[in-house]
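Right, one structure below, let's go through it.
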Amino acid sequence: MNHFIMEENNNRLRLNCISRQISHEVAEYQYEYTPDPSVTGEMEQIAQLPLADHPFIHLHTFIDGSGIIGQWRPDSGMRKQLIGDWASPSEVNLSHSAPVVCFFDGADRNVLTVAVSESSRDIHLLAGVHEETGEMNLHIIVHLSEPAAAGHLTVRLDFRRLPFYRTLRDLSAWWDALLPDAPMEVPSCARLPMYSTWYSYHQDMQDEIMLKEYQEAARMGMRAVIIDDGWQTADNNRGYGFCGDWNPEPGKFPDFARHVRQIHQLGMKCMIWYSVPFMGEYSEMWNTFKDMLLHHDPVLHTGILDPRYPQVREYLISTYQKAAGEWGLDGFKLDFIDSFRSYPDTPAWNEEMDFHEIQDAVYCLMLGISQTLKKENPELLIEFRQNYIGPQMRRFGNIFRVGDCPMSGITNRVAITDLRLLSGSTAVHSDMLMWPAQESPENVAIQLINCIFATLQISVRLAVLSERQKKTLEHYLRFSIAYRDVLLTGSFQAKNPLTQYPLLSASKNGVHICASYDNLQVLEIPKDDCREYWLLNGTTADALYLEFPSESSAGLLTVYDCCGETVLRQPASGLVGIQKLAVPSGGSLKLTKE
């Protein structure tokens with residue numbers, strides 16, 4: 001195991017390392033801290049981050065950089081390259097990202113994964129190259145509020161040379177074992193395709209028009225509707241000034257409970273959108289809560305509610321509880337949770353608040369929401385959007401959705417993969433898929449293949465799809481449903497994070513599904529325990545390279561186009577070694593073994 005020394009600094013806290021546990025190249029440094037005004041941390045400046053004003057814990061070390069070519073963070077997105085130690089630190093708290101960084105080598109193996117047990121406090125992580133030595137300069141800064149309280153902190157160091165996705169999966173299980181509340185249970189309906197109104201209609205919704213869309217969505221295999229922003233306001237200008245009252249707009253939905261019942265009659269669930277922190281300037285409740293805000297945003301015409309006030313939490317919980325009961329809702333899309341944070345104009349604590357720390361209040365709010373609503377409906381669905389996807393958030397929601405990335409299949413793919421690697425049993429959903437009216441069915445299929453390892457959310461006007469667009473969508477919806485157990489809960493592997501995961505795969509019970517997003521790579525067909533092999537062509541090329549086992553394969557090879565229509569069926573015998581096979585763009589290949 002690598003030699004590892006952690007330097008410690010803190011302000012107004014007595015910090016003790018109470019144990020060091022090392023086994024199988026995984027080390028855990030356990031600390032306890034207690035308030036102590038006599039301890040004075042020296043003023044520090046770390047990448048434009050001054051330390052000394054508030055109680056903090058600062059852990060610092062250097063790591064041998066040999067073999068490291070990139071770093072993975074939950075919110076790194078398309079940027080997994082190494083950075084200098086002069087870069088700005090990552091900001092993490094309960095409602096943004098997760099406290100982990102994983103250094104990987106050129107063979108997709110973990111070199112070191114560093115994680116922190118504390119996932120609620122404000123944390124700054126900096127892991128950058130120290131130019132003088134080529135080492136990784138690692139800073140972990142845990143900020144505590146005034147007044148500081150006693151607590152514990154564990155730093156986990158995983159040096160195992162396993163595939164990086166394995167170490168991240170094990171990390172998710174480690175957090176689950178540490179946290180007092182179990183992750184929210186995931187009902188089966190959370191892993192079936194859903195229709196969203198956002199990209200297709202934005203705020204311009206009408207009751208009868210939407211019902212026609214739902215009927216077509218149900219016919220195509222979608223099993224839930226997410227009614228997004230716009231149900232609560234007559235204003236269609238994409239603002240948030242009318243958020244806060246949360247009453248259906250009668251000009252759009254004359255009888256909202258009836259609208260939900262009609263969705264249920266189609267065999268679909270119904271979820272609706274709320275911007276949890278926003279209290280709009282034009283809402284009736286503005287005067288009630290205008291002095292209980294973390295921040296006022298005059299551009300968005302809204303305030304950010306301060307959850308440290310019990311009245312704020314009570315109002316939000318009762319609002320959702322009333323909606324679930326009166327309208328028969330199956331779930332909620334709870335948005336903008338990451339807006340619960342400190343701003344320059346955030347007021348100091350006062351005696352009307354029952355929490356000093358914002359993130360402690362957020363924890364209390366979100367736990368109250370999930371526990372209250374689950375009493376109304378044990379099969380409740382709660383969706384959170386990237387990046388409020390950390391280990392604590394899994395306790396309050398059972399769906400993590402990719403952040404908004406309209407029409408960007410590669411962004412969806414990378415974000416889905418990042419979510420899958422750290423989210424354990426929580427259902428991972430794509431951002432809603434949309435495309436131009438004249439888009440080719442092949443490019444529609446490529447978007448769908450980019451998202452195939454997540455539950456698909458669709459947000460296009462279904463009635464105006466071309467015939468081949470519709471066939472393509474129906475084909476991949478059917479595929480995602482038929483193979484959801486493999487795609488969504490199977491053993492998931494992600495290759496080459498630095499090049500945006502050009503190869504993804506999942507396997508379960510002898511079924512192996514692989515998606516290629518780079519037509520120039522050679523894909524190896526599994527030799528063992530594979531009775532059915534699928535290869536999805538997520539590229540614009542009409543051919544892929546496969547390497548067959550050294551002995552001639554026995555079985556049947558079938559090739560499909562983007563619409564799911566068969567273009568080739570032949571025995572697999574005689575196929576040995578590397579073969580270039582004609583697989584249409586957006587299409588797929590199926591190999592069944594005898």
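Letters A, B, ... mark the chains of the structure tokens in the order given; residue numbers begin at 1 per chain; ligand numbers begin at 1, in order shown.
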
message: as number ranges by chain, please: the residues near Cys17 (chain A) (cut-off 12 Å, only C-alpha atoms, same-chain neighbours under 2 positions excluded).
response: A: 6-8, 14-15, 19-21, 28-33, 59, 152-155

With N, CA and C atoms retained, could you export that selection as a PDB file, in the first residue's frame?
ATOM      1  N   MET A   6      -1.321  12.392   6.279  1.00  0.00           N
ATOM      2  CA  MET A   6      -2.291  13.478   6.198  1.00  0.00           C
ATOM      3  C   MET A   6      -1.901  14.575   7.179  1.00  0.00           C
ATOM      4  N   GLU A   7      -1.683  15.774   6.665  1.00  0.00           N
ATOM      5  CA  GLU A   7      -1.446  16.937   7.515  1.00  0.00           C
ATOM      6  C   GLU A   7      -2.786  17.531   7.925  1.00  0.00           C
ATOM      7  N   GLU A   8      -2.854  18.051   9.109  1.00  0.00           N
ATOM      8  CA  GLU A   8      -4.117  18.527   9.653  1.00  0.00           C
ATOM      9  C   GLU A   8      -3.992  19.983  10.089  1.00  0.00           C
ATOM     10  N   ARG A  14     -10.913  21.159  18.155  1.00  0.00           N
ATOM     11  CA  ARG A  14      -9.909  20.204  18.588  1.00  0.00           C
ATOM     12  C   ARG A  14     -10.099  18.951  17.748  1.00  0.00           C
ATOM     13  N   LEU A  15      -9.090  18.585  16.952  1.00  0.00           N
ATOM     14  CA  LEU A  15      -9.196  17.471  16.010  1.00  0.00           C
ATOM     15  C   LEU A  15      -8.252  16.354  16.419  1.00  0.00           C
ATOM     16  N   SER A  19      -8.411   6.636  14.946  1.00  0.00           N
ATOM     17  CA  SER A  19      -8.036   5.302  14.474  1.00  0.00           C
ATOM     18  C   SER A  19      -7.612   5.359  13.017  1.00  0.00           C
ATOM     19  N   ARG A  20      -6.759   4.423  12.654  1.00  0.00           N
ATOM     20  CA  ARG A  20      -6.358   4.209  11.266  1.00  0.00           C
ATOM     21  C   ARG A  20      -6.542   2.734  10.961  1.00  0.00           C
ATOM     22  N   GLN A  21      -7.463   2.432  10.077  1.00  0.00           N
ATOM     23  CA  GLN A  21      -7.741   1.035   9.728  1.00  0.00           C
ATOM     24  C   GLN A  21      -7.279   0.795   8.294  1.00  0.00           C
ATOM     25  N   GLU A  28      -8.887   3.732   6.237  1.00  0.00           N
ATOM     26  CA  GLU A  28      -9.857   4.681   6.777  1.00  0.00           C
ATOM     27  C   GLU A  28      -9.230   5.418   7.952  1.00  0.00           C
ATOM     28  N   TYR A  29      -9.184   6.739   7.838  1.00  0.00           N
ATOM     29  CA  TYR A  29      -8.688   7.600   8.909  1.00  0.00           C
ATOM     30  C   TYR A  29      -9.915   8.195   9.591  1.00  0.00           C
ATOM     31  N   GLN A  30     -10.117   7.849  10.839  1.00  0.00           N
ATOM     32  CA  GLN A  30     -11.293   8.302  11.578  1.00  0.00           C
ATOM     33  C   GLN A  30     -10.894   9.414  12.543  1.00  0.00           C
ATOM     34  N   TYR A  31     -11.614  10.528  12.445  1.00  0.00           N
ATOM     35  CA  TYR A  31     -11.337  11.697  13.271  1.00  0.00           C
ATOM     36  C   TYR A  31     -12.546  12.011  14.144  1.00  0.00           C
ATOM     37  N   GLU A  32     -12.259  12.600  15.290  1.00  0.00           N
ATOM     38  CA  GLU A  32     -13.319  13.222  16.078  1.00  0.00           C
ATOM     39  C   GLU A  32     -12.924  14.681  16.296  1.00  0.00           C
ATOM     40  N   TYR A  33     -13.920  15.549  16.316  1.00  0.00           N
ATOM     41  CA  TYR A  33     -13.631  16.966  16.526  1.00  0.00           C
ATOM     42  C   TYR A  33     -14.609  17.530  17.542  1.00  0.00           C
ATOM     43  N   LEU A  59      -7.642  18.992   5.860  1.00  0.00           N
ATOM     44  CA  LEU A  59      -6.765  17.841   5.731  1.00  0.00           C
ATOM     45  C   LEU A  59      -6.026  17.970   4.400  1.00  0.00           C
ATOM     46  N   HIS A 152     -17.885  13.530  14.084  1.00  0.00           N
ATOM     47  CA  HIS A 152     -16.909  12.566  13.597  1.00  0.00           C
ATOM     48  C   HIS A 152     -16.752  12.724  12.091  1.00  0.00           C
ATOM     49  N   LEU A 153     -15.596  12.331  11.604  1.00  0.00           N
ATOM     50  CA  LEU A 153     -15.282  12.417  10.188  1.00  0.00           C
ATOM     51  C   LEU A 153     -14.370  11.251   9.823  1.00  0.00           C
ATOM     52  N   THR A 154     -14.663  10.585   8.722  1.00  0.00           N
ATOM     53  CA  THR A 154     -13.818   9.500   8.239  1.00  0.00           C
ATOM     54  C   THR A 154     -13.389   9.805   6.810  1.00  0.00           C
ATOM     55  N   VAL A 155     -12.102   9.617   6.538  1.00  0.00           N
ATOM     56  CA  VAL A 155     -11.565   9.743   5.189  1.00  0.00           C
ATOM     57  C   VAL A 155     -11.214   8.341   4.703  1.00  0.00           C
TER      58      VAL A 155
END

query: If you run DSSP on this backbone, which residues of region 362-550 of chain A come out as strand (DSSP E), and could you give them as a PyMOL selection string?
result: chain A and resi 381-385+399-401+427-429+457-458+491-495+503-508+511-516+522-524+532-537+543-548

Just C-alpha atoms for this one: save the residues we selected as a compact mmCIF listing (two decimals), in the first residue's frame.
# COMPACT_ATOMS: atom_id res chain seq x y z
CA LEU A 381 -41.75 8.47 -7.00
CA ILE A 382 -39.46 11.44 -6.27
CA GLU A 383 -37.09 12.73 -8.94
CA PHE A 384 -33.99 14.84 -8.35
CA ARG A 385 -31.94 16.44 -11.10
CA ILE A 399 -34.90 8.83 -9.28
CA PHE A 400 -31.78 10.75 -10.29
CA ARG A 401 -32.13 12.47 -13.67
CA ALA A 427 -33.07 4.66 -10.62
CA VAL A 428 -31.09 6.75 -13.11
CA HIS A 429 -33.02 8.60 -15.84
CA GLN A 457 -37.60 10.09 -20.66
CA ILE A 458 -39.15 11.33 -23.92
CA SER A 491 -23.33 -5.53 -13.98
CA PHE A 492 -22.42 -2.19 -15.56
CA GLN A 493 -19.03 -1.42 -17.13
CA ALA A 494 -17.79 1.94 -18.40
CA LYS A 495 -14.69 2.26 -20.57
CA LEU A 503 -18.01 1.78 -24.91
CA LEU A 504 -20.64 0.86 -22.31
CA SER A 505 -21.98 -2.55 -21.41
CA ALA A 506 -24.18 -4.39 -18.95
CA SER A 507 -24.69 -8.10 -18.33
CA LYS A 508 -26.98 -10.27 -16.27
CA VAL A 511 -27.40 -11.67 -21.49
CA HIS A 512 -24.74 -9.14 -22.49
CA ILE A 513 -25.65 -5.75 -24.01
CA CYS A 514 -22.94 -3.51 -25.41
CA ALA A 515 -23.23 -0.05 -26.99
CA SER A 516 -20.47 1.38 -29.15
CA VAL A 522 -12.71 -3.53 -31.88
CA LEU A 523 -15.32 -5.10 -29.64
CA GLU A 524 -14.69 -8.48 -28.08
CA GLU A 532 -27.38 -13.75 -25.89
CA TYR A 533 -25.20 -10.85 -27.06
CA TRP A 534 -26.44 -7.47 -28.29
CA LEU A 535 -24.33 -4.76 -29.90
CA LEU A 536 -25.97 -1.36 -30.44
CA ASN A 537 -24.44 0.95 -33.04
CA ALA A 543 -20.17 -1.01 -39.84
CA LEU A 544 -18.58 -2.17 -36.59
CA TYR A 545 -15.59 -4.38 -35.79
CA LEU A 546 -16.09 -7.49 -33.66
CA GLU A 547 -13.57 -10.02 -32.41
CA PHE A 548 -15.03 -13.52 -32.23

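Using only C-alpha atoms, the residues found no farther than 6 Å from Asp542 (chain A), other than those of its own chain fewer than 3 positions away, are Ala582, Val583, Pro584 and Ser585 of chain A.
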
- prompt: If you run DSSP on the backbone, which residues of region 67-297 of chain A are alpha helix (DSSP H), as a ChimeraX atom specification?
  reply: /A:164-178,198-201,207-220,256-265,286-289

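Among the candidate residues A:Leu329, A:Cys563, A:Ile83, A:Ala361, the one lying nearest to Asn443 (chain A) is A:Cys563, with distances computed using only C-alpha atoms.
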
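Interatomic distance, CA of Asp64 (chain A) against CA of Pro502 (chain A): 28.3 Å.
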
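Proximity to Gly424 (chain A) was assessed for A:Glu146, A:Asp529, A:Asp170, A:Glu135 counting only C-alpha atoms; the smallest distance is recorded for A:Asp170.
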
Neighbour list for Met285 (chain A) as a list in words, cut-off 12 Å, only C-alpha atoms, skip fewer than 5 positions in-chain: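 Listed by chain and then number, they are Gly241, Phe242, Cys243, Gly244, Asp245, Trp246, Asn247, Phe278, Met279, Gly280, Lys290, Asp291, Met292, Thr302, Gly303, Leu305, Val312, Tyr315 and Leu316 of chain A.
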
Selected residues, N, CA, C and O atoms, written as a compact mmCIF listing (two decimals), in the first residue's frame, please.
# COMPACT_ATOMS: atom_id res chain seq x y z
N GLY A 241 -41.58 33.91 -11.36
CA GLY A 241 -42.24 34.90 -10.53
C GLY A 241 -43.58 34.46 -9.98
O GLY A 241 -44.07 35.03 -9.01
N PHE A 242 -44.19 33.43 -10.60
CA PHE A 242 -45.50 32.97 -10.15
C PHE A 242 -45.43 31.66 -9.35
O PHE A 242 -46.45 31.06 -9.05
N CYS A 243 -44.22 31.20 -9.04
CA CYS A 243 -44.07 30.01 -8.21
C CYS A 243 -44.41 30.34 -6.75
O CYS A 243 -44.18 31.46 -6.30
N GLY A 244 -44.88 29.34 -6.03
CA GLY A 244 -45.08 29.52 -4.60
C GLY A 244 -46.46 29.20 -4.11
O GLY A 244 -46.63 28.71 -2.98
N ASP A 245 -47.51 29.51 -4.92
CA ASP A 245 -48.88 29.19 -4.48
C ASP A 245 -49.24 27.75 -4.81
O ASP A 245 -49.95 27.09 -4.07
N TRP A 246 -48.80 27.28 -5.97
CA TRP A 246 -48.94 25.90 -6.40
C TRP A 246 -50.39 25.44 -6.51
O TRP A 246 -50.78 24.42 -5.98
N ASN A 247 -51.15 26.26 -7.24
CA ASN A 247 -52.52 25.90 -7.61
C ASN A 247 -52.58 25.70 -9.11
O ASN A 247 -52.02 26.50 -9.86
N PHE A 278 -38.27 28.08 -4.60
CA PHE A 278 -38.66 29.37 -5.18
C PHE A 278 -40.00 29.88 -4.63
O PHE A 278 -40.99 29.15 -4.60
N MET A 279 -39.98 31.15 -4.23
CA MET A 279 -41.20 31.86 -3.84
C MET A 279 -41.27 33.12 -4.71
O MET A 279 -40.53 34.08 -4.51
N GLY A 280 -42.12 33.09 -5.73
CA GLY A 280 -42.18 34.15 -6.71
C GLY A 280 -42.74 35.46 -6.17
O GLY A 280 -43.61 35.48 -5.29
N LYS A 290 -41.59 36.69 2.35
CA LYS A 290 -40.56 37.56 1.78
C LYS A 290 -39.44 37.89 2.76
O LYS A 290 -38.34 38.29 2.35
N ASP A 291 -39.70 37.72 4.06
CA ASP A 291 -38.65 37.96 5.06
C ASP A 291 -38.04 36.66 5.57
O ASP A 291 -37.33 36.66 6.58
N MET A 292 -38.31 35.54 4.89
CA MET A 292 -37.74 34.25 5.25
C MET A 292 -37.01 33.67 4.05
O MET A 292 -37.28 32.56 3.59
N THR A 302 -37.87 36.04 -8.15
CA THR A 302 -38.20 35.04 -7.14
C THR A 302 -37.26 35.16 -5.95
O THR A 302 -36.17 35.72 -6.05
N GLY A 303 -37.71 34.64 -4.83
CA GLY A 303 -36.86 34.50 -3.66
C GLY A 303 -36.54 33.04 -3.43
O GLY A 303 -37.28 32.15 -3.85
N LEU A 305 -36.33 30.40 -0.65
CA LEU A 305 -36.79 30.20 0.72
C LEU A 305 -35.66 29.71 1.63
O LEU A 305 -34.78 28.96 1.20
N VAL A 312 -41.20 27.64 6.93
CA VAL A 312 -40.90 27.33 5.53
C VAL A 312 -41.03 25.83 5.29
O VAL A 312 -41.69 25.39 4.33
N TYR A 315 -44.65 24.66 5.45
CA TYR A 315 -45.44 25.06 4.29
C TYR A 315 -45.16 24.14 3.10
O TYR A 315 -46.09 23.68 2.42
N LEU A 316 -43.89 23.88 2.84
CA LEU A 316 -43.55 23.05 1.69
C LEU A 316 -44.06 21.62 1.86
O LEU A 316 -44.65 21.04 0.94

- request: Might you pull out every residue within 6 Å of region 252-265 of chain A, with only C-alpha atoms counted and same-chain residues fewer than 3 positions away left off, and present them as a list in words?
  value: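 Answer for this query is Gln206, Asp207, Glu249, Met268 and Trp327 of chain A.
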
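Distance annotation: of A:Ile481, A:Ala234, A:Met78, A:Leu433, the residue with the minimal separation from Cys405 (chain A) is A:Leu433; atom set is only C-alpha atoms.
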
field: Two-atom distance - CA of Trp175 (chain A), CA of Pro391 (chain A) (Å)
entry: 6.6 Å

message: I'd like the neighbourhood of region 351-354 of chain A as a list in words, where a residue qualifies if any of its atoms comes within 8 Å (using only C-alpha atoms), though same-chain residues fewer than 6 positions away should be ignored.
response: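 Returned residues: Arg308, Tyr309 and Pro310 of chain A.
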
Output for the residues just chosen: N, CA and C atoms as an mmCIF file, in the first residue's frame:
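Saved file part_17.cif follows:
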data_model
loop_
_atom_site.group_PDB
_atom_site.id
_atom_site.type_symbol
_atom_site.label_atom_id
_atom_site.label_comp_id
_atom_site.auth_asym_id
_atom_site.auth_seq_id
_atom_site.Cartn_x
_atom_site.Cartn_y
_atom_site.Cartn_z
ATOM 1 N N ARG A 308 -34.168 27.134 7.193
ATOM 2 C CA ARG A 308 -33.868 27.174 8.630
ATOM 3 C C ARG A 308 -35.099 27.617 9.432
ATOM 4 N N TYR A 309 -36.086 28.201 8.758
ATOM 5 C CA TYR A 309 -37.338 28.570 9.432
ATOM 6 C C TYR A 309 -38.291 27.377 9.426
ATOM 7 N N PRO A 310 -38.804 26.973 10.574
ATOM 8 C CA PRO A 310 -39.747 25.846 10.586
ATOM 9 C C PRO A 310 -41.002 26.138 9.770
#

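Each of A:Gly390, A:Pro250, A:Gly397, A:Pro147 was compared to Met184 (chain A) using only C-alpha atoms, and A:Gly397 turns out to be the nearest.
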
- prompt: In Å, how far is it from CA of Arg73 (chain A) to CA of Asn137 (chain A)?
  reply: 15.6 Å

- request: Considering only C-alpha atoms, return as a list of chain:residue names whatever protein or nucleic-acid residues lie within 7 Å of region 210-215 of chain A, sequence-local ones (same chain, fewer than 5 positions apart) excluded.
  value: A:Met205, A:Leu266, A:Leu462

- prompt: Looking at A:Asp338, A:Gln232, A:Met434, A:Ala323, which one is nearest to Ser408 (chain A), with distances taken over only C-alpha atoms?
  reply: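 Distance minimum relative to Ser408 (chain A) lands on A:Met434.
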
field: Nearest to Thr167 (chain A) by atom-to-atom distance, counting only C-alpha atoms, from A:Glu25, A:Asp485, A:Asp345, A:Glu118
entry: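 Closest candidate: A:Glu25.
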
Using only C-alpha atoms, find each residue in region 269-386 of chain A having at least one atom no more than 12 Å away from region 193-202 of chain A; report its shortest atom-to-atom pair and that distance in Å (one decimal), rows by chain then rising number, as a tab-separated table.
residue	atom	partner	partner_atom	distance
A:Lys269	CA	A:Met194	CA	8.9
A:Cys270	CA	A:Met194	CA	9.6
A:Met271	CA	A:Ser196	CA	9.4
A:Ile272	CA	A:Ser196	CA	9.6
A:Trp273	CA	A:Trp198	CA	9.9
A:Lys333	CA	A:Ser196	CA	10.6
